[in-house]
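Coordinates as given in work-v2.tsv (TSV, C-alpha atoms (C1' of nucleotides)):
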chain	number	residue	atom	x	y	z
A	1	MET	CA	-34.93	-212.84	100.58
A	2	GLY	CA	-31.98	-211.70	102.66
A	3	GLY	CA	-31.54	-208.66	100.43
A	4	SER	CA	-30.24	-206.39	103.13
A	5	ARG	CA	-27.51	-208.83	104.19
A	6	LEU	CA	-26.49	-209.22	100.58
A	7	VAL	CA	-26.44	-205.47	100.09
A	8	GLY	CA	-24.45	-204.97	103.29
A	9	ALA	CA	-21.80	-207.46	102.20
A	10	LEU	CA	-21.68	-205.93	98.74
A	11	LYS	CA	-21.26	-202.41	100.06
A	12	LEU	CA	-18.54	-203.37	102.51
A	13	TRP	CA	-16.65	-205.14	99.74
A	14	TYR	CA	-17.03	-202.14	97.43
A	15	ILE	CA	-15.69	-199.68	99.98
A	16	HIS	CA	-12.47	-201.69	100.19
A	17	HIS	CA	-12.05	-202.84	96.60
A	18	ARG	CA	-13.38	-200.12	94.35
A	19	ARG	CA	-11.10	-198.84	91.62
A	20	ASP	CA	-10.02	-195.23	91.78
A	21	LEU	CA	-11.62	-193.95	88.57
A	22	PRO	CA	-11.61	-190.28	87.50
A	23	TRP	CA	-15.40	-189.94	87.48
A	24	ARG	CA	-15.56	-191.30	91.02
A	25	ARG	CA	-13.74	-188.21	92.26
A	26	THR	CA	-16.52	-185.81	91.40
A	27	ARG	CA	-20.20	-185.26	92.01
A	28	ASP	CA	-20.54	-182.83	89.13
A	29	PRO	CA	-23.59	-184.07	87.21
A	30	TYR	CA	-22.07	-182.90	83.92
A	31	ALA	CA	-18.87	-184.88	84.43
A	32	ILE	CA	-20.78	-187.96	85.58
A	33	TRP	CA	-23.10	-187.70	82.61
A	34	VAL	CA	-20.18	-187.43	80.16
A	35	SER	CA	-18.53	-190.47	81.76
A	36	GLU	CA	-21.71	-192.53	81.53
A	37	ILE	CA	-22.18	-191.74	77.85
A	38	MET	CA	-18.57	-192.66	77.12
A	39	LEU	CA	-18.90	-195.88	79.08
A	40	GLN	CA	-21.80	-197.14	76.98
A	41	GLN	CA	-20.51	-200.40	75.48
A	42	THR	CA	-16.99	-199.18	76.10
A	43	ARG	CA	-14.41	-200.44	78.57
A	44	VAL	CA	-13.22	-198.35	81.47
A	45	GLU	CA	-9.58	-198.42	80.32
A	46	ALA	CA	-10.55	-197.16	76.88
A	47	VAL	CA	-12.63	-194.33	78.32
A	48	ILE	CA	-10.19	-192.86	80.86
A	49	PRO	CA	-7.93	-190.91	78.47
A	50	TYR	CA	-10.88	-189.69	76.41
A	51	TYR	CA	-12.73	-188.62	79.54
A	52	GLU	CA	-9.83	-186.57	80.82
A	53	ARG	CA	-9.16	-184.88	77.49
A	54	PHE	CA	-12.86	-184.22	76.93
A	55	LEU	CA	-13.37	-182.63	80.36
A	56	ALA	CA	-10.30	-180.47	79.88
A	57	ARG	CA	-11.55	-179.30	76.50
A	58	PHE	CA	-15.23	-179.00	77.41
A	59	PRO	CA	-15.23	-178.43	81.19
A	60	ASP	CA	-18.93	-177.69	81.61
A	61	VAL	CA	-22.29	-177.67	79.85
A	62	PRO	CA	-21.89	-174.18	78.35
A	63	ALA	CA	-18.49	-175.05	76.89
A	64	LEU	CA	-19.92	-178.15	75.24
A	65	ALA	CA	-23.05	-176.32	74.11
A	66	ARG	CA	-21.09	-173.71	72.21
A	67	ALA	CA	-18.63	-176.13	70.64
A	68	SER	CA	-18.97	-177.07	66.99
A	69	GLU	CA	-19.98	-180.61	66.09
A	70	VAL	CA	-16.66	-181.13	64.31
A	71	ASP	CA	-14.76	-180.19	67.49
A	72	VAL	CA	-16.81	-182.62	69.57
A	73	LEU	CA	-16.44	-185.43	67.03
A	74	SER	CA	-12.73	-184.74	66.85
A	75	ALA	CA	-12.45	-185.18	70.62
A	76	TRP	CA	-14.45	-188.42	70.28
A	77	SER	CA	-12.54	-189.72	67.25
A	78	GLY	CA	-11.42	-193.30	67.89
A	79	LEU	CA	-13.87	-194.00	70.71
A	80	GLY	CA	-16.64	-195.32	68.47
A	81	TYR	CA	-20.44	-195.01	68.43
A	82	TYR	CA	-20.25	-191.45	67.17
A	83	SER	CA	-23.95	-190.73	67.55
A	84	ARG	CA	-23.12	-190.56	71.27
A	85	ALA	CA	-20.99	-187.48	70.63
A	86	ARG	CA	-23.60	-185.80	68.45
A	87	ASN	CA	-26.33	-186.51	71.01
A	88	LEU	CA	-24.12	-185.32	73.85
A	89	ARG	CA	-23.65	-181.98	72.17
A	90	ARG	CA	-27.34	-181.71	71.28
A	91	ALA	CA	-28.26	-182.49	74.89
A	92	ALA	CA	-25.80	-179.89	76.18
A	93	ARG	CA	-27.50	-177.27	74.05
A	94	LYS	CA	-30.88	-178.27	75.45
A	95	ILE	CA	-29.54	-178.08	79.00
A	96	ALA	CA	-27.91	-174.71	78.36
A	97	GLU	CA	-31.16	-173.40	76.98
A	98	ALA	CA	-33.12	-174.74	79.96
A	99	GLY	CA	-30.63	-173.05	82.27
A	100	SER	CA	-29.84	-175.92	84.64
A	101	PHE	CA	-28.96	-179.60	84.62
A	102	PRO	CA	-32.01	-181.92	84.91
A	103	ARG	CA	-32.19	-183.35	88.44
A	104	ASP	CA	-34.47	-186.36	88.27
A	105	PHE	CA	-34.68	-189.65	86.37
A	106	GLU	CA	-37.48	-188.66	83.99
A	107	SER	CA	-35.91	-185.33	82.99
A	108	ILE	CA	-32.50	-186.90	82.46
A	109	LEU	CA	-34.10	-189.69	80.44
A	110	ALA	CA	-35.56	-187.07	78.11
A	111	LEU	CA	-32.07	-186.02	76.94
A	112	PRO	CA	-30.99	-187.39	73.55
A	113	GLY	CA	-28.64	-190.34	73.87
A	114	VAL	CA	-29.84	-191.16	77.39
A	115	GLY	CA	-31.72	-194.40	77.97
A	116	ALA	CA	-32.95	-196.14	81.09
A	117	TYR	CA	-29.50	-197.24	82.22
A	118	THR	CA	-27.78	-193.87	81.81
A	119	ALA	CA	-30.65	-191.91	83.35
A	120	ALA	CA	-30.61	-194.19	86.39
A	121	ALA	CA	-26.84	-193.95	86.71
A	122	VAL	CA	-26.75	-190.15	86.58
A	123	ALA	CA	-29.83	-189.71	88.79
A	124	SER	CA	-28.46	-192.04	91.44
A	125	ILE	CA	-24.78	-191.09	91.38
A	126	ALA	CA	-25.20	-187.32	91.06
A	127	PHE	CA	-28.54	-186.82	92.83
A	128	ASP	CA	-29.01	-189.86	95.13
A	129	GLU	CA	-32.21	-190.95	93.43
A	130	PRO	CA	-33.00	-194.61	94.25
A	131	ARG	CA	-33.19	-195.98	90.71
A	132	ALA	CA	-31.33	-199.14	89.81
A	133	ALA	CA	-28.85	-198.78	86.95
A	134	VAL	CA	-29.02	-202.09	85.10
A	135	ASP	CA	-26.21	-202.59	82.64
A	136	GLY	CA	-24.56	-205.71	81.24
A	137	ASN	CA	-22.66	-206.23	84.49
A	138	VAL	CA	-25.78	-206.07	86.62
A	139	LEU	CA	-27.70	-208.40	84.30
A	140	ARG	CA	-24.92	-210.94	84.72
A	141	VAL	CA	-24.76	-210.56	88.50
A	142	LEU	CA	-28.52	-210.84	88.92
A	143	SER	CA	-28.90	-213.78	86.56
A	144	ARG	CA	-26.31	-215.65	88.57
A	145	ILE	CA	-27.56	-214.70	92.01
A	146	GLY	CA	-31.02	-215.94	91.04
A	147	ASN	CA	-29.73	-218.77	88.79
A	148	ASP	CA	-32.06	-217.26	86.20
A	149	PRO	CA	-31.78	-218.74	82.67
A	150	SER	CA	-33.81	-216.00	81.00
A	151	ASP	CA	-32.39	-214.62	77.76
A	152	ILE	CA	-31.01	-211.26	78.88
A	153	GLY	CA	-31.73	-209.92	75.39
A	154	SER	CA	-35.47	-210.30	75.77
A	155	GLN	CA	-37.53	-207.32	76.79
A	156	ALA	CA	-39.55	-209.23	79.36
A	157	ALA	CA	-36.43	-210.52	81.09
A	158	ARG	CA	-34.95	-207.03	81.17
A	159	ALA	CA	-38.07	-205.75	82.88
A	160	ARG	CA	-37.88	-208.51	85.50
A	161	PHE	CA	-34.21	-207.82	86.23
A	162	GLN	CA	-34.95	-204.11	86.53
A	163	THR	CA	-37.71	-204.87	89.04
A	164	GLN	CA	-35.38	-207.12	91.03
A	165	ALA	CA	-32.65	-204.49	91.12
A	166	ASP	CA	-35.07	-201.74	92.13
A	167	ALA	CA	-36.27	-203.95	94.99
A	168	LEU	CA	-32.72	-204.68	96.09
A	169	ILE	CA	-31.38	-201.12	95.95
A	170	ASP	CA	-30.12	-199.45	99.11
A	171	ARG	CA	-32.42	-196.43	99.31
A	172	ASN	CA	-30.08	-194.68	101.73
A	173	ASP	CA	-27.15	-194.86	99.35
A	174	PRO	CA	-28.22	-195.72	95.80
A	175	ALA	CA	-25.03	-194.27	94.31
A	176	THR	CA	-22.84	-196.73	96.16
A	177	PHE	CA	-25.21	-199.64	95.54
A	178	ASN	CA	-25.33	-199.11	91.78
A	179	GLN	CA	-21.60	-198.66	91.42
A	180	ALA	CA	-20.94	-201.65	93.67
A	181	MET	CA	-23.13	-203.91	91.54
A	182	MET	CA	-21.34	-202.82	88.38
A	183	GLU	CA	-17.92	-203.06	90.01
A	184	LEU	CA	-18.69	-206.60	91.14
A	185	GLY	CA	-19.63	-207.56	87.59
A	186	ALA	CA	-16.59	-205.83	86.12
A	187	THR	CA	-13.95	-207.23	88.47
A	188	VAL	CA	-15.30	-210.41	90.14
A	189	CYS	CA	-18.46	-211.75	88.53
A	190	LEU	CA	-16.71	-211.96	85.16
A	191	PRO	CA	-18.35	-213.27	81.97
A	192	ARG	CA	-16.02	-216.20	81.34
A	193	ALA	CA	-14.37	-217.25	84.58
A	194	PRO	CA	-16.16	-215.73	87.55
A	195	ARG	CA	-13.97	-215.37	90.64
A	196	CYS	CA	-16.51	-216.83	93.01
A	197	LEU	CA	-13.88	-217.46	95.68
A	198	LEU	CA	-13.37	-213.69	95.93
A	199	CYS	CA	-17.04	-212.80	95.72
A	200	PRO	CA	-18.56	-211.03	98.72
A	201	VAL	CA	-22.06	-212.33	97.92
A	202	SER	CA	-21.27	-215.90	96.90
A	203	ALA	CA	-23.20	-217.13	99.94
A	204	PHE	CA	-26.33	-215.57	98.43
A	205	CYS	CA	-25.68	-216.82	94.89
A	206	GLU	CA	-27.95	-219.57	93.60
A	207	ALA	CA	-25.78	-220.23	90.54
A	208	ARG	CA	-22.80	-220.71	92.83
A	209	LYS	CA	-24.85	-223.19	94.82
A	210	GLN	CA	-25.99	-225.06	91.71
A	211	GLY	CA	-22.65	-224.86	89.89
A	212	THR	CA	-24.16	-223.03	86.91
A	213	ALA	CA	-22.31	-219.72	87.12
A	214	ASN	CA	-20.30	-220.46	83.99
A	215	GLU	CA	-23.47	-221.04	81.95
A	216	LEU	CA	-25.01	-217.68	82.87
A	217	PRO	CA	-26.20	-215.32	81.70
A	218	VAL	CA	-28.03	-216.84	78.73
A	219	LYS	CA	-27.75	-214.72	75.64
A	220	ARG	CA	-29.00	-215.28	72.12
A	221	ARG	CA	-26.32	-215.64	69.44
A	222	LYS	CA	-25.83	-212.89	66.99
A	223	THR	CA	-25.56	-213.10	63.23
A	224	ALA	CA	-22.41	-214.26	61.47
A	225	THR	CA	-19.83	-211.82	60.16
A	226	THR	CA	-19.26	-211.07	56.50
A	227	GLU	CA	-15.92	-210.36	54.86
A	228	VAL	CA	-15.21	-207.15	52.97
A	229	GLU	CA	-12.04	-206.43	50.98
A	230	MET	CA	-10.78	-202.94	50.21
A	231	THR	CA	-7.70	-201.32	48.75
A	232	LEU	CA	-7.06	-197.90	50.23
A	233	VAL	CA	-4.76	-195.49	48.50
A	234	ILE	CA	-2.39	-192.97	49.96
A	235	VAL	CA	-1.82	-190.23	47.42
A	236	GLU	CA	0.50	-187.63	48.81
A	237	ARG	CA	1.47	-184.18	47.72
A	238	PRO	CA	4.28	-182.79	49.81
A	239	GLY	CA	2.82	-182.75	53.30
A	240	ARG	CA	-0.76	-183.39	52.18
A	241	ILE	CA	-2.89	-186.45	51.59
A	242	LEU	CA	-5.99	-186.94	49.48
A	243	LEU	CA	-9.05	-187.68	51.65
A	244	TRP	CA	-12.78	-187.69	51.07
A	245	LYS	CA	-15.55	-186.81	53.43
A	246	ARG	CA	-18.54	-189.03	54.17
A	247	GLU	CA	-22.07	-187.80	53.59
A	248	ALA	CA	-23.73	-185.75	56.30
A	249	ALA	CA	-26.04	-188.65	57.16
A	250	GLY	CA	-25.49	-192.35	57.71
A	251	MET	CA	-22.67	-194.29	59.25
A	252	MET	CA	-19.85	-192.16	60.60
A	253	ALA	CA	-21.40	-189.12	58.97
A	254	GLY	CA	-18.95	-186.35	58.24
A	255	PHE	CA	-15.87	-188.49	58.89
A	256	TRP	CA	-12.85	-188.35	56.59
A	257	GLU	CA	-11.63	-191.43	54.75
A	258	LEU	CA	-8.82	-192.53	52.48
A	259	PRO	CA	-10.00	-193.14	48.90
A	260	ASP	CA	-10.56	-196.68	47.72
A	261	ALA	CA	-8.64	-197.67	44.60
A	262	SER	CA	-11.94	-197.98	42.70
A	263	LEU	CA	-12.41	-194.22	43.09
A	264	LEU	CA	-9.14	-193.47	41.31
A	265	PRO	CA	-9.08	-194.95	37.76
A	266	SER	CA	-5.85	-193.17	36.86
A	267	LEU	CA	-3.98	-194.50	39.84
A	268	LYS	CA	-0.41	-195.68	39.39
A	269	VAL	CA	0.56	-197.82	42.34
A	270	ARG	CA	4.06	-197.07	43.50
A	271	ARG	CA	4.34	-199.64	46.23
A	272	PRO	CA	2.23	-201.63	48.69
A	273	ALA	CA	2.28	-200.15	52.17
A	274	GLY	CA	0.78	-203.05	54.10
A	275	VAL	CA	-2.30	-205.04	55.01
A	276	PHE	CA	-4.45	-205.01	58.12
A	277	THR	CA	-7.88	-206.09	59.29
A	278	HIS	CA	-10.54	-204.09	61.02
A	279	THR	CA	-13.87	-205.30	62.38
A	280	ILE	CA	-16.94	-203.11	62.59
A	281	MET	CA	-19.90	-204.92	64.10
A	282	ASN	CA	-20.52	-207.98	61.92
A	283	ARG	CA	-18.28	-206.89	59.05
A	284	ARG	CA	-14.67	-207.89	58.83
A	285	TYR	CA	-12.59	-205.69	56.56
A	286	ARG	CA	-9.39	-206.92	55.04
A	287	ILE	CA	-7.65	-203.80	53.88
A	288	GLN	CA	-4.69	-203.45	51.58
A	289	VAL	CA	-2.93	-200.13	51.62
A	290	VAL	CA	-0.95	-198.84	48.68
A	291	ALA	CA	0.94	-195.66	48.03
A	292	GLY	CA	0.48	-194.23	44.57
A	293	ARG	CA	0.18	-191.24	42.32
A	294	LEU	CA	-2.40	-189.98	39.84
A	295	THR	CA	-1.61	-189.64	36.14
A	296	LYS	CA	-4.63	-187.46	35.54
A	297	VAL	CA	-7.35	-185.90	37.58
A	298	PRO	CA	-10.23	-188.33	37.94
A	299	ALA	CA	-13.77	-187.13	37.44
A	300	GLY	CA	-15.23	-185.87	40.66
A	301	LEU	CA	-11.93	-185.05	42.30
A	302	ASP	CA	-12.86	-181.40	42.14
A	303	SER	CA	-15.98	-182.11	44.17
A	304	PRO	CA	-15.85	-180.56	47.63
A	305	LYS	CA	-15.91	-183.96	49.29
A	306	PHE	CA	-12.31	-184.55	48.11
A	307	GLN	CA	-9.62	-182.47	49.76
A	308	TRP	CA	-5.89	-182.42	50.23
A	309	ILE	CA	-5.39	-182.54	53.97
A	310	ALA	CA	-2.19	-181.93	55.90
A	311	ARG	CA	-1.29	-184.71	58.32
A	312	LYS	CA	-1.10	-182.21	61.15
A	313	GLU	CA	-4.69	-181.13	60.59
A	314	MET	CA	-6.00	-184.65	61.03
A	315	SER	CA	-5.63	-184.64	64.80
A	316	GLU	CA	-8.31	-181.96	64.90
A	317	MET	CA	-10.64	-183.68	62.46
A	318	PRO	CA	-12.98	-186.66	62.66
A	319	VAL	CA	-10.94	-189.26	60.78
A	320	SER	CA	-12.05	-192.88	60.69
A	321	THR	CA	-9.99	-195.41	62.58
A	322	ILE	CA	-9.53	-197.38	59.37
A	323	ALA	CA	-7.92	-194.33	57.76
A	324	ARG	CA	-5.72	-193.71	60.80
A	325	LYS	CA	-4.55	-197.31	60.81
A	326	ALA	CA	-3.79	-197.18	57.10
A	327	LEU	CA	-1.87	-193.93	57.38
A	328	ALA	CA	0.17	-195.35	60.23
A	329	LEU	CA	1.51	-197.89	57.72
A	330	ALA	CA	2.92	-195.18	55.48
A	331	PRO	CA	5.24	-192.59	56.95
A	332	PRO	CA	5.17	-189.07	55.47
A	333	GLY	CA	6.85	-188.68	52.10
A	334	THR	CA	6.20	-192.24	51.01
A	335	SER	CA	4.45	-191.12	47.89
A	336	THR	CA	4.25	-187.81	46.11
A	337	SER	CA	1.66	-187.07	43.49
A	338	ARG	CA	2.50	-184.93	40.50
A	339	VAL	CA	-1.00	-183.56	40.23
A	340	ARG	CA	-1.24	-179.95	41.26
A	341	PRO	CA	-4.33	-178.56	42.93
A	342	GLY	CA	-7.01	-177.33	40.59
A	343	THR	CA	-5.53	-179.04	37.54
B	1	DA	C1'	-37.84	-208.28	68.32
B	2	DA	C1'	-34.13	-207.44	65.38
B	3	DA	C1'	-30.74	-204.54	63.22
B	4	DT	C1'	-27.46	-201.00	63.53
B	5	DC	C1'	-23.83	-198.36	65.36
B	6	DG	C1'	-16.99	-198.63	66.70
B	7	DG	C1'	-13.40	-200.20	68.61
B	8	DG	C1'	-10.41	-202.95	71.28
B	9	DG	C1'	-9.00	-206.24	75.00
B	10	DA	C1'	-9.42	-210.80	76.87
B	11	DT	C1'	-9.84	-215.63	76.08
C	1	DA	C1'	-11.95	-216.37	65.92
C	2	DT	C1'	-15.43	-215.11	69.42
C	3	DC	C1'	-17.24	-212.52	73.08
C	4	DC	C1'	-18.59	-208.45	75.15
C	5	DC	C1'	-18.00	-204.15	77.20
C	6	DA	C1'	-21.28	-198.74	82.97
C	7	DG	C1'	-26.50	-199.06	75.68
C	8	DA	C1'	-29.45	-196.16	72.68
C	9	DT	C1'	-32.03	-195.67	68.68
C	10	DT	C1'	-34.20	-196.99	64.50
C	11	DT	C1'	-36.64	-200.28	61.74
Encoded form using structure tokens:
Amino acid sequence: MGGSRLVGALKLWYIHHRRDLPWRRTRDPYAIWVSEIMLQQTRVEAVIPYYERFLARFPDVPALARASEVDVLSAWSGLGYYSRARNLRRAARKIAEAGSFPRDFESILALPGVGAYTAAAVASIAFDEPRAAVDGNVLRVLSRIGNDPSDIGSQAARARFQTQADALIDRNDPATFNQAMMELGATVCLPRAPRCLLCPVSAFCEARKQGTANELPVKRRKTATTEVEMTLVIVERPGRILLWKREAAGMMAGFWELPDASLLPSLKVRRPAGVFTHTIMNRRYRIQVVAGRLTKVPAGLDSPKFQWIARKEMSEMPVSTIARKALALAPPGTSTSRVRPGT
DNA sequence: AAATCGGGGAT
DNA sequence: ATCCCAGATTT
């Protein structure tokens, strides 16, 4: 099917047009693995600063393996999908115990938080194993090249695309092939307005020929979003703010949050601090922020999940993005509670 | 197969 | 306002 000519054109294009990304300057499997986990459902520009800070703080597997979960989550705070951070640390401990980094697709796949895509990416980029890494970019590129209207969400279609990509892969240089396919999807074969005039493989693209590139890939719609309203309260003692900690299991487990007004019956609102919206998956939060004080200690405030936290400490703690956004609306000293600790 | 898990940038 | 991003895991 002219695969080798397509691959040749793709590779030549990639050599000249690839972005200079931090994880492309190393062949350290650990660093490549960390980058791939961070890049799951996350844009390159968002990952770069996190990647550099994370590698500086946890430079190798042993450093990550001996870190506490709170430290790892703190380094991940704001990046989203926090189970990635927990699994990354768990996997590092497994690797440290095993004594060496796993060197083939199957062993890498066995690590927590690593699926077919990530295992293929690490195995090919770090160890030259010819295994196609099929991500959202590659699904889009392949669906267009073949003018394939399959729903890319379906399992059967995924399997077919994986087979296609494995057949197409350059066995002499799988690392370059995989990254070139993804780079093409990320910078040329774009979701909305593909830049076909700049595409090195447009001559091999059936969708280009049929004029259907804009309609591909086909993807099933997702469910509608629901609205949620909250009023978050900033109660401040000099230099400290009242936060509560999420349960050890469930969404954003162990993260710190601002209290909702419903948690504080004795709240006296001093002044509104602002309003903002935040979307998490299919929920849209409309959040009012108020600064206030407490006239008496509410029941449960002495529970360990409530604590007075200094603003400076928060940079080293897993704090939800909603709480960070809310706090950004209220500069220090906005509100001072008269309740003393332990009373 | 469908739901869930974060957050933000582009359109 | 919607889409979707170098996806994985659970239900």
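Selecting chain C residues within 7 Å of chain A and counting all atoms listed in the file yields DC5, DA6, DG7 and DA8 of chain C.
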Spatial neighbours of Val275 in chain A, 8 Å, only C-alpha atoms (C1' of nucleotides), chain gap at least 5 places, as a PDB file with C-alpha atoms, in the frame of the given file:
ATOM      1  CA  ARG A 286      -9.390-206.920  55.040  1.00  0.00           C
ATOM      2  CA  ILE A 287      -7.650-203.800  53.880  1.00  0.00           C
ATOM      3  CA  GLN A 288      -4.690-203.450  51.580  1.00  0.00           C
ATOM      4  CA  VAL A 289      -2.930-200.130  51.620  1.00  0.00           C
TER       5      VAL A 289
END
>> Using only C-alpha atoms (C1' of nucleotides), I'd like every residue of chain B that has an atom within 7 Å of chain A; please write them out as a list in words.
In response: DC5, DG6 and DG7 of chain B
Using all atoms of range 5-11 of chain B listed in the file and a margin of 3 Å per side, can you give the axis-aligned box centre and edge lengths in Å to one decimal, as JSON?
{"center_x": -16.4, "center_y": -207.0, "center_z": 71.1, "size_x": 20.8, "size_y": 23.3, "size_z": 17.5}
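Interatomic distance, CA of Glu236 in chain A against CA of Arg283 in chain A: 28.8 Å.
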> Contacts of Asn214 in chain A at 12 Å or less, counting only C-alpha atoms (C1' of nucleotides), minus same-chain residues fewer than 6 places along, as a PyMOL selection string?
Replying inline: chain A and resi 140-141+143-144+147+149+189-196+207-208
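Closest approach to Lys325 in chain A among A:Ile234, A:Ala126, A:Leu294, A:Gln307 is made by A:Ile234 (distances from only C-alpha atoms).
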>> Need the shell around DC3 in chain C: protein/DNA/RNA residues with any atom at most 12 Å away, counting all atoms listed in the file. Skip same-chain ones fewer than 3 positions apart. Format as a ChimeraX atom specification?
In response: /A:191-192,219,221-222 /B:8-11
Complete range 164-175 of chain A at the level of N, CA, C and O atoms, written as a PDB file, keeping the file's coordinate frame.
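Final output, saved to result15.pdb:
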ATOM      1  N   GLN A 164     -36.203-206.523  89.973  1.00  0.00           N
ATOM      2  CA  GLN A 164     -35.380-207.120  91.030  1.00  0.00           C
ATOM      3  C   GLN A 164     -34.384-206.110  91.591  1.00  0.00           C
ATOM      4  O   GLN A 164     -34.229-205.969  92.802  1.00  0.00           O
ATOM      5  N   ALA A 165     -33.693-205.425  90.687  1.00  0.00           N
ATOM      6  CA  ALA A 165     -32.650-204.490  91.120  1.00  0.00           C
ATOM      7  C   ALA A 165     -33.259-203.318  91.884  1.00  0.00           C
ATOM      8  O   ALA A 165     -32.705-202.870  92.894  1.00  0.00           O
ATOM      9  N   ASP A 166     -34.417-202.839  91.427  1.00  0.00           N
ATOM     10  CA  ASP A 166     -35.070-201.740  92.130  1.00  0.00           C
ATOM     11  C   ASP A 166     -35.512-202.161  93.529  1.00  0.00           C
ATOM     12  O   ASP A 166     -35.557-201.349  94.459  1.00  0.00           O
ATOM     13  N   ALA A 167     -35.859-203.450  93.671  1.00  0.00           N
ATOM     14  CA  ALA A 167     -36.270-203.950  94.990  1.00  0.00           C
ATOM     15  C   ALA A 167     -35.063-204.101  95.918  1.00  0.00           C
ATOM     16  O   ALA A 167     -35.184-203.953  97.131  1.00  0.00           O
ATOM     17  N   LEU A 168     -33.923-204.390  95.308  1.00  0.00           N
ATOM     18  CA  LEU A 168     -32.720-204.680  96.090  1.00  0.00           C
ATOM     19  C   LEU A 168     -31.996-203.406  96.528  1.00  0.00           C
ATOM     20  O   LEU A 168     -31.266-203.399  97.523  1.00  0.00           O
ATOM     21  N   ILE A 169     -32.216-202.317  95.797  1.00  0.00           N
ATOM     22  CA  ILE A 169     -31.380-201.120  95.950  1.00  0.00           C
ATOM     23  C   ILE A 169     -31.406-200.572  97.385  1.00  0.00           C
ATOM     24  O   ILE A 169     -32.427-200.613  98.066  1.00  0.00           O
ATOM     25  N   ASP A 170     -30.251-200.095  97.809  1.00  0.00           N
ATOM     26  CA  ASP A 170     -30.120-199.450  99.110  1.00  0.00           C
ATOM     27  C   ASP A 170     -30.624-198.006  98.973  1.00  0.00           C
ATOM     28  O   ASP A 170     -29.955-197.155  98.393  1.00  0.00           O
ATOM     29  N   ARG A 171     -31.800-197.745  99.516  1.00  0.00           N
ATOM     30  CA  ARG A 171     -32.420-196.430  99.310  1.00  0.00           C
ATOM     31  C   ARG A 171     -31.667-195.324 100.041  1.00  0.00           C
ATOM     32  O   ARG A 171     -31.834-194.141  99.722  1.00  0.00           O
ATOM     33  N   ASN A 172     -30.856-195.692 101.013  1.00  0.00           N
ATOM     34  CA  ASN A 172     -30.080-194.680 101.730  1.00  0.00           C
ATOM     35  C   ASN A 172     -28.815-194.284 100.968  1.00  0.00           C
ATOM     36  O   ASN A 172     -28.253-193.222 101.223  1.00  0.00           O
ATOM     37  N   ASP A 173     -28.378-195.160 100.075  1.00  0.00           N
ATOM     38  CA  ASP A 173     -27.150-194.860  99.350  1.00  0.00           C
ATOM     39  C   ASP A 173     -27.170-195.531  97.973  1.00  0.00           C
ATOM     40  O   ASP A 173     -26.375-196.433  97.693  1.00  0.00           O
ATOM     41  N   PRO A 174     -28.086-195.085  97.102  1.00  0.00           N
ATOM     42  CA  PRO A 174     -28.220-195.720  95.800  1.00  0.00           C
ATOM     43  C   PRO A 174     -26.970-195.567  94.932  1.00  0.00           C
ATOM     44  O   PRO A 174     -26.679-196.447  94.114  1.00  0.00           O
ATOM     45  N   ALA A 175     -26.231-194.485  95.127  1.00  0.00           N
ATOM     46  CA  ALA A 175     -25.030-194.270  94.310  1.00  0.00           C
ATOM     47  C   ALA A 175     -24.020-195.379  94.556  1.00  0.00           C
ATOM     48  O   ALA A 175     -23.449-195.955  93.624  1.00  0.00           O
TER      49      ALA A 175
END
